[in-house]
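Colleague: Structure file data_5.cif (mmCIF, C-alpha atoms and all ligand atoms) is given on the next line.
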data_protein
loop_
_atom_site.label_atom_id
_atom_site.label_comp_id
_atom_site.auth_asym_id
_atom_site.auth_seq_id
_atom_site.Cartn_x
_atom_site.Cartn_y
_atom_site.Cartn_z
CA MET A 1 -15.55 7.16 9.74
CA HIS A 2 -13.79 10.48 9.46
CA GLN A 3 -15.68 13.50 8.31
CA ILE A 4 -14.03 16.73 7.40
CA ILE A 5 -16.74 19.08 8.64
CA ASP A 6 -15.06 22.29 7.58
CA ASP A 7 -11.72 23.29 6.17
CA THR A 8 -10.20 24.36 9.47
CA LEU A 9 -11.06 21.12 11.19
CA GLY A 10 -9.78 19.19 8.18
CA ILE A 11 -6.46 21.05 8.23
CA ASN A 12 -6.08 20.46 11.99
CA LEU A 13 -6.85 16.77 11.55
CA LEU A 14 -4.24 16.40 8.83
CA HIS A 15 -1.74 18.47 10.82
CA ALA A 16 -2.10 16.21 13.87
CA ASN A 17 -1.81 13.19 11.61
CA GLN A 18 1.39 14.55 10.10
CA GLU A 19 3.00 14.78 13.55
CA ASP A 20 2.20 11.13 14.18
CA ALA A 21 3.46 10.23 10.70
CA ASP A 22 6.75 12.01 11.42
CA HIS A 23 7.03 10.00 14.65
CA ASN A 24 6.57 6.75 12.70
CA ARG A 25 9.02 7.85 10.06
CA ALA A 26 11.65 8.58 12.72
CA HIS A 27 11.26 5.01 14.02
CA PHE A 28 11.59 3.55 10.52
CA ASP A 29 14.67 5.64 9.77
CA ALA A 30 16.30 4.80 13.10
CA TRP A 31 15.74 1.09 12.48
CA GLY A 32 16.86 1.22 8.83
CA ILE A 33 13.43 0.13 7.59
CA THR A 34 11.82 1.16 4.30
CA CYS A 35 8.05 1.49 4.64
CA LEU A 36 5.57 1.10 1.77
CA ASN A 37 1.89 2.07 1.99
CA LEU A 38 -0.29 -0.09 -0.31
CA MET A 39 -3.58 1.50 -1.28
CA SER A 40 -6.45 0.64 -3.60
CA SER A 41 -10.18 0.11 -3.71
CA PRO A 42 -11.44 -3.07 -2.01
CA GLY A 43 -10.60 -6.17 -4.00
CA ALA A 44 -7.98 -4.69 -6.34
CA GLY A 45 -5.55 -7.38 -5.21
CA LYS A 46 -3.40 -5.95 -2.40
CA THR A 47 -3.39 -9.12 -0.31
CA ALA A 48 -2.89 -11.36 -3.34
CA LEU A 49 0.09 -9.23 -4.37
CA LEU A 50 1.49 -9.37 -0.84
CA GLU A 51 1.18 -13.16 -0.81
CA LYS A 52 3.29 -13.40 -3.99
CA THR A 53 5.72 -10.80 -2.72
CA LEU A 54 6.30 -12.56 0.59
CA ALA A 55 6.59 -15.96 -1.10
CA SER A 56 9.33 -14.66 -3.42
CA LEU A 57 11.25 -12.08 -1.45
CA THR A 58 11.48 -13.30 2.13
CA ASP A 59 14.52 -15.48 1.40
CA ASP A 60 16.50 -12.30 0.73
CA LEU A 61 14.60 -9.61 2.60
CA SER A 62 13.19 -9.41 6.08
CA ILE A 63 9.66 -8.04 5.69
CA ALA A 64 6.87 -7.34 8.20
CA VAL A 65 3.29 -6.41 7.37
CA ILE A 66 0.90 -4.01 9.07
CA GLU A 67 -2.52 -5.14 7.95
CA GLY A 68 -5.38 -2.66 8.14
CA ASP A 69 -8.90 -4.02 7.97
CA MET A 70 -12.15 -2.63 9.29
CA THR A 71 -13.21 -5.62 11.37
CA THR A 72 -11.61 -8.96 10.48
CA GLU A 73 -8.18 -10.60 10.57
CA LEU A 74 -8.85 -12.56 7.39
CA ASP A 75 -6.07 -10.89 5.38
CA ALA A 76 -3.66 -10.97 8.33
CA ASP A 77 -4.23 -14.71 8.68
CA ARG A 78 -3.60 -15.21 4.94
CA LEU A 79 -0.24 -13.47 5.29
CA ARG A 80 0.84 -15.12 8.56
CA GLN A 81 1.20 -18.34 6.59
CA TYR A 82 4.36 -16.88 5.07
CA GLY A 83 6.07 -16.84 8.45
CA VAL A 84 6.53 -13.08 8.63
CA PRO A 85 5.47 -10.74 11.45
CA VAL A 86 1.96 -9.50 10.69
CA ILE A 87 0.39 -6.87 12.92
CA ALA A 88 -3.37 -6.59 12.38
CA ILE A 89 -5.07 -3.26 12.98
CA ASN A 90 -8.85 -3.14 13.04
CA THR A 91 -10.01 0.34 12.19
CA GLY A 92 -13.61 -0.23 13.29
CA ARG A 93 -15.73 2.22 11.34
CA ALA A 94 -12.76 4.18 9.98
CA CYS A 95 -12.24 3.95 6.23
CA HIS A 96 -8.46 4.46 6.31
CA LEU A 97 -5.46 3.89 8.53
CA ASP A 98 -4.19 7.02 10.21
CA ALA A 99 -0.67 7.53 11.49
CA ARG A 100 -1.67 7.00 15.12
CA MET A 101 -3.11 3.56 14.37
CA VAL A 102 0.07 2.65 12.50
CA ALA A 103 2.13 3.95 15.45
CA GLY A 104 0.30 1.41 17.63
CA GLY A 105 1.24 -1.25 15.08
CA ILE A 106 4.91 -0.35 14.98
CA HIS A 107 5.16 -0.18 18.75
CA THR A 108 3.68 -3.69 18.95
CA LEU A 109 6.12 -4.79 16.26
CA SER A 110 9.05 -3.36 18.21
CA HIS A 111 7.98 -5.16 21.41
CA GLU A 112 7.41 -8.54 19.78
CA HIS A 113 10.27 -8.52 17.25
CA THR A 114 13.64 -6.90 16.66
CA PRO A 115 12.85 -4.03 14.29
CA GLN A 116 16.54 -3.40 13.52
CA ASP A 117 16.58 -6.78 11.79
CA LEU A 118 13.81 -5.82 9.37
CA ASP A 119 14.43 -4.40 5.90
CA MET A 120 10.88 -3.42 5.10
CA VAL A 121 7.44 -2.84 6.58
CA ILE A 122 4.56 -3.03 4.13
CA VAL A 123 1.29 -1.44 5.23
CA GLU A 124 -1.86 -2.80 3.59
CA ASN A 125 -4.30 0.07 3.93
CA VAL A 126 -8.08 -0.22 4.16
CA GLY A 127 -9.64 -0.58 0.71
CA ASN A 128 -10.70 2.90 -0.39
CA LEU A 129 -9.54 5.16 -3.23
CA VAL A 130 -10.36 8.40 -1.43
CA CYS A 131 -8.91 9.23 1.98
CA PRO A 132 -5.98 6.81 2.53
CA ALA A 133 -3.96 8.98 0.14
CA GLU A 134 -4.43 12.01 2.40
CA PHE A 135 -3.32 10.35 5.62
CA GLU A 136 0.43 9.81 5.65
CA VAL A 137 1.47 7.00 7.94
CA GLY A 138 5.23 7.65 7.83
CA GLU A 139 5.82 5.64 4.65
CA HIS A 140 8.72 6.20 2.28
CA ALA A 141 6.61 5.40 -0.77
CA LYS A 142 2.95 5.12 -1.67
CA VAL A 143 1.99 2.22 -3.91
CA ALA A 144 -1.45 2.47 -5.54
CA LEU A 145 -3.11 -0.53 -7.15
CA LEU A 146 -5.78 -0.22 -9.82
CA SER A 147 -7.24 -3.41 -11.26
CA VAL A 148 -8.20 -3.64 -14.91
CA THR A 149 -11.82 -4.36 -13.90
CA GLU A 150 -12.24 -0.93 -12.30
CA GLY A 151 -12.30 1.15 -15.48
CA GLU A 152 -9.86 3.41 -17.26
CA ASP A 153 -11.38 6.59 -15.84
CA LYS A 154 -10.55 5.98 -12.17
CA PRO A 155 -7.28 7.96 -12.12
CA LEU A 156 -9.26 10.97 -13.36
CA LYS A 157 -12.10 10.46 -10.86
CA TYR A 158 -9.83 9.89 -7.83
CA PRO A 159 -6.93 12.21 -8.64
CA VAL A 160 -5.56 12.58 -5.10
CA MET A 161 -4.74 8.88 -4.82
CA PHE A 162 -3.07 8.76 -8.20
CA ARG A 163 -1.23 12.07 -7.80
CA GLU A 164 0.25 10.96 -4.49
CA ALA A 165 1.36 7.53 -5.72
CA ASP A 166 5.05 6.83 -6.29
CA VAL A 167 4.19 3.58 -8.03
CA LEU A 168 1.01 2.48 -9.78
CA LEU A 169 0.46 -1.24 -10.16
CA ILE A 170 -2.15 -2.05 -12.81
CA THR A 171 -3.38 -5.37 -11.40
CA LYS A 172 -5.22 -8.45 -12.73
CA ILE A 173 -3.86 -7.98 -16.25
CA ASP A 174 -4.64 -11.67 -16.87
CA LEU A 175 -8.28 -10.49 -17.10
CA ALA A 176 -7.62 -7.75 -19.68
CA PRO A 177 -8.42 -9.96 -22.72
CA TYR A 178 -11.94 -10.53 -21.38
CA LEU A 179 -12.70 -6.86 -20.85
CA ASP A 180 -13.02 -3.76 -22.96
CA VAL A 181 -10.02 -2.19 -21.30
CA ASP A 182 -7.00 -0.47 -22.76
CA LEU A 183 -3.93 -0.62 -20.50
CA ALA A 184 -2.32 2.23 -22.44
CA ARG A 185 -5.36 4.39 -21.73
CA ILE A 186 -5.13 3.66 -17.97
CA GLU A 187 -1.47 4.61 -18.04
CA ALA A 188 -2.16 7.78 -20.07
CA ASN A 189 -4.88 8.83 -17.61
CA VAL A 190 -2.53 8.31 -14.68
CA ARG A 191 0.25 10.27 -16.38
CA GLN A 192 -2.14 13.16 -16.95
CA ILE A 193 -2.38 13.41 -13.14
CA ASN A 194 1.13 12.25 -12.24
CA PRO A 195 3.59 12.37 -15.17
CA HIS A 196 6.55 10.70 -13.44
CA VAL A 197 4.84 7.85 -11.64
CA THR A 198 6.36 4.40 -12.11
CA VAL A 199 3.73 2.16 -13.75
CA ILE A 200 4.02 -1.62 -13.45
CA PRO A 201 1.32 -3.89 -14.94
CA VAL A 202 1.05 -7.15 -12.97
CA SER A 203 -1.00 -10.28 -12.49
CA ALA A 204 -0.78 -12.09 -9.17
CA LYS A 205 -2.55 -14.97 -10.89
CA SER A 206 -0.38 -15.53 -13.99
CA GLY A 207 2.77 -14.02 -12.48
CA GLU A 208 3.19 -11.61 -15.39
CA GLY A 209 5.01 -8.43 -14.35
CA LEU A 210 5.77 -9.63 -10.83
CA GLU A 211 9.53 -9.69 -11.44
CA ASP A 212 9.40 -5.98 -12.33
CA TRP A 213 7.54 -5.29 -9.08
CA PHE A 214 10.03 -7.38 -7.10
CA ASP A 215 12.91 -5.48 -8.70
CA TRP A 216 11.28 -2.21 -7.67
CA VAL A 217 10.83 -3.49 -4.09
CA ARG A 218 14.47 -4.60 -3.91
CA SER A 219 15.61 -1.20 -5.17
CA ALA A 220 13.39 0.55 -2.62
CA VAL A 221 14.97 -1.23 0.34
CA LYS A 222 17.33 1.19 2.00
CA SER A 223 17.38 3.29 -1.13
CA PRO A 224 18.95 6.64 -0.25
CA GLU A 225 16.55 8.51 -2.56
CA LEU A 226 13.54 7.07 -0.78
CA THR A 227 14.80 7.38 2.76
CA SER A 228 15.87 10.99 2.33
CA ALA A 229 12.68 12.02 0.50
N1 LIG B 1 -7.81 -12.92 -12.04
C1 LIG B 1 -7.14 -12.36 -11.03
N2 LIG B 1 -7.73 -12.26 -9.81
C2 LIG B 1 -7.03 -11.69 -8.81
C3 LIG B 1 -5.71 -11.20 -8.98
N3 LIG B 1 -5.29 -10.67 -7.81
C4 LIG B 1 -6.31 -10.83 -6.93
N4 LIG B 1 -7.36 -11.45 -7.53
C5 LIG B 1 -8.66 -11.80 -6.92
O1 LIG B 1 -9.32 -10.61 -6.54
C6 LIG B 1 -10.01 -10.79 -5.31
C7 LIG B 1 -9.56 -9.74 -4.30
O2 LIG B 1 -8.16 -9.91 -4.03
P1 LIG B 1 -7.50 -9.40 -2.68
O3 LIG B 1 -6.05 -9.69 -2.79
O4 LIG B 1 -8.22 -9.96 -1.50
O5 LIG B 1 -7.78 -7.83 -2.78
P2 LIG B 1 -7.60 -6.66 -1.68
O6 LIG B 1 -8.98 -6.40 -1.13
O7 LIG B 1 -7.10 -5.48 -2.46
O8 LIG B 1 -6.63 -7.15 -0.66
C8 LIG B 1 -9.72 -12.22 -4.87
O9 LIG B 1 -10.80 -13.02 -5.25
C9 LIG B 1 -8.46 -12.57 -5.62
O10 LIG B 1 -8.34 -13.94 -5.88
C10 LIG B 1 -5.11 -11.34 -10.28
O11 LIG B 1 -3.97 -10.95 -10.55
N5 LIG B 1 -5.88 -11.92 -11.27
MG MG B 2 -6.72 -7.27 1.42
ZN ZN B 3 -11.18 7.52 5.55
ZN ZN B 4 7.17 5.57 19.11
#
Kindly present the structure from the file in structure tokens form.
Modeller:
Amino acid sequence: MHQIIDDTLGINLLHANQEDADHNRAHFDAWGITCLNLMSSPGAGKTALLEKTLASLTDDLSIAVIEGDMTTELDADRLRQYGVPVIAINTGRACHLDARMVAGGIHTLSHEHTPQDLDMVIVENVGNLVCPAEFEVGEHAKVALLSVTEGEDKPLKYPVMFREADVLLITKIDLAPYLDVDLARIEANVRQINPHVTVIPVSAKSGEGLEDWFDWVRSAVKSPELTSA
């Protein structure tokens, strides 16, 4: 677990992390890889979304996954079934992936596979709405997921995550009819924090909205705007 004991220590920690993130980013850019960092609270549907994404996009795109989990390889094993490289990183007690852990993952990836052949690396971060947003890992875009079961107020309560996000996926919209939840209110709360964020409502279960997400992923691959950002 990381603890920011005082401001100076916190700034030094983030500064050191940024150097490692820049190192990772240089690898991605040299290999022509677009990297996405998927973040959400536990259970919002990151792995389910990745399963659908790999099932639909790997005919056209070459994708690898860096799977962060505190102790298990359960999610990594779910994703290996799609025949893509999956590098599992156990964070132990840490509640987020930092750039150094991801560097270990990309070095493993580069030893075991040919990174130049990959179009995209998707990082599934540890489930947590707080600190993953503060620790860059060298990604080109941050993708936040918020499921309809979590409540409309979460963008306001966890503003850093939602401010940093390039894309917000509102997940599990198949459940919306059973809940007192207003998708427009979620979107309005997010826009209060981050007016220009791309919002895509999806259901990994019904498939609704997935084509919009896939289109966004395709456009992100080797997109000059992303890779020069
Ligand atoms: N109804 C519904 N359940 C979902 C959806 N996506 C994920 N789930 C369920 O939510 C739980 C957590 O999903 P998972 O992908 O493991 O979340 P993660 O912790 O963010 O990786 C599982 O029981 C999934 O089956 C969805 O679109 N609709
Ligand atoms: Mg998961
Ligand atoms: Zn943390
Ligand atoms: Zn390196």
Colleague: Can I get the residues close to ligand ZN 3 (chain B) as a PyMOL selection string, where close means within 10 Å and we count only C-alpha atoms and all ligand atoms?
Modeller: chain A and resi 1-4+91+93-98+126-135
Colleague: For Thr114 in chain A, please output as number ranges by chain all residues within 12 Å (counting only C-alpha atoms; exclusion window: fewer than 5 positions along the same chain).
Modeller: A: 31-33, 62-64, 85, 106-109, 119
Colleague: Check every protein, DNA and RNA residue against ligand LIG 1 (chain B), keep those with an atom at most 7 Å away (counting all atoms listed in the file), and present them as a VMD selection string.
Modeller: chain A and resid 40 to 49 127 171 to 175 202 to 206
Colleague: For C-alpha atoms, I'd like the residues from the last selection saved as an mmCIF file, in the frame of the given file.
Modeller:
data_model
loop_
_atom_site.group_PDB
_atom_site.id
_atom_site.type_symbol
_atom_site.label_atom_id
_atom_site.label_comp_id
_atom_site.auth_asym_id
_atom_site.auth_seq_id
_atom_site.Cartn_x
_atom_site.Cartn_y
_atom_site.Cartn_z
ATOM 1 C CA SER A 40 -6.450 0.640 -3.600
ATOM 2 C CA SER A 41 -10.180 0.110 -3.710
ATOM 3 C CA PRO A 42 -11.440 -3.070 -2.010
ATOM 4 C CA GLY A 43 -10.600 -6.170 -4.000
ATOM 5 C CA ALA A 44 -7.980 -4.690 -6.340
ATOM 6 C CA GLY A 45 -5.550 -7.380 -5.210
ATOM 7 C CA LYS A 46 -3.400 -5.950 -2.400
ATOM 8 C CA THR A 47 -3.390 -9.120 -0.310
ATOM 9 C CA ALA A 48 -2.890 -11.360 -3.340
ATOM 10 C CA LEU A 49 0.090 -9.230 -4.370
ATOM 11 C CA GLY A 127 -9.640 -0.580 0.710
ATOM 12 C CA THR A 171 -3.380 -5.370 -11.400
ATOM 13 C CA LYS A 172 -5.220 -8.450 -12.730
ATOM 14 C CA ILE A 173 -3.860 -7.980 -16.250
ATOM 15 C CA ASP A 174 -4.640 -11.670 -16.870
ATOM 16 C CA LEU A 175 -8.280 -10.490 -17.100
ATOM 17 C CA VAL A 202 1.050 -7.150 -12.970
ATOM 18 C CA SER A 203 -1.000 -10.280 -12.490
ATOM 19 C CA ALA A 204 -0.780 -12.090 -9.170
ATOM 20 C CA LYS A 205 -2.550 -14.970 -10.890
ATOM 21 C CA SER A 206 -0.380 -15.530 -13.990
#
Colleague: Neighbours of Ala141 in chain A within 7 Å (only C-alpha atoms; same-chain residues fewer than 6 positions away dropped), as a list of chain:residue names?
Modeller: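 My reading of the contact set: A:Cys35, A:Leu36, A:Asn37, A:Asp166.
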Colleague: Restricted to C-alpha atoms, what would the selected residues look like written as a PDB file, in the frame of the given file?
Modeller:
ATOM      1  CA  CYS A  35       8.050   1.490   4.640  1.00  0.00           C
ATOM      2  CA  LEU A  36       5.570   1.100   1.770  1.00  0.00           C
ATOM      3  CA  ASN A  37       1.890   2.070   1.990  1.00  0.00           C
ATOM      4  CA  ASP A 166       5.050   6.830  -6.290  1.00  0.00           C
TER       5      ASP A 166
END
Colleague: Given the point (6.2, -17.8, 4.5) in the file's coordinates, find the residues that have an atom at most 12 Å from it, counting only C-alpha atoms, and give them as a PyMOL selection string.
Modeller: chain A and resi 50-59+61-64+77-86
Colleague: Excluding Ala88 in chain A and residues on its chain fewer than 3 positions from it, collect all residues at most 7 Å away from it, counting only C-alpha atoms, and give them as an mmCIF file with C-alpha atoms, keeping the file's coordinate frame.
Modeller:
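So out35.cif came out as:
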data_model
loop_
_atom_site.group_PDB
_atom_site.id
_atom_site.type_symbol
_atom_site.label_atom_id
_atom_site.label_comp_id
_atom_site.auth_asym_id
_atom_site.auth_seq_id
_atom_site.Cartn_x
_atom_site.Cartn_y
_atom_site.Cartn_z
ATOM 1 C CA ILE A 66 0.900 -4.010 9.070
ATOM 2 C CA GLU A 67 -2.520 -5.140 7.950
ATOM 3 C CA GLY A 68 -5.380 -2.660 8.140
ATOM 4 C CA GLU A 73 -8.180 -10.600 10.570
ATOM 5 C CA ALA A 76 -3.660 -10.970 8.330
#
Colleague: Residues within 10 Å of ligand ZN 4 (chain B) (all atoms listed in the file), as an MDAnalysis selection string?
Modeller: chainID A and resid 20 23:28 100 103:108 110
Colleague: From the set A:Val217, A:Thr8, A:Leu168, A:Met39, which residue has the shortest atom-to-atom contact distance to ligand MG 2 (chain B), counting only C-alpha atoms and all ligand atoms?
Modeller: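 Residue with the minimum atom-to-atom distance to ligand MG 2 (chain B): A:Met39.
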Colleague: Between A:Ala30, A:Ala144, A:Ile89, A:Leu74, which has the minimum distance to ligand MG 2 (chain B) (counting only C-alpha atoms and all ligand atoms)?
Modeller: A:Leu74
Colleague: Could you state the separation of CA of Ala99 in chain A and CA of Gln18 in chain A in Å, given to one decimal place?
Modeller: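 So the answer is 7.4 Å.
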Colleague: One decimal, in Å: what's the spacing between CA of Asp29 in chain A and CA of His196 in chain A?
Modeller: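 These two atoms are separated by 25.1 Å.
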Colleague: Just to confirm, what's the straight-line distance from CA of Glu187 in chain A to CA of Ser223 in chain A in Å (one decimal)?
Modeller: 25.4 Å
Colleague: Considering all atoms listed in the file, can you say which of A:Val65, A:Ile200, A:Val190, A:Leu14 comes closest to ligand MG 2 (chain B)?
Modeller: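 Comparing A:Val65, A:Ile200, A:Val190, A:Leu14 against ligand MG 2 (chain B), the winner is A:Val65.
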Colleague: Using only C-alpha atoms, can you tell me which of A:Arg185, A:Asp117, A:Ile87, A:Ala165 comes closest to Glu136 in chain A?
Modeller: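 Among the listed residues, the smallest separation from Glu136 in chain A belongs to A:Ala165.
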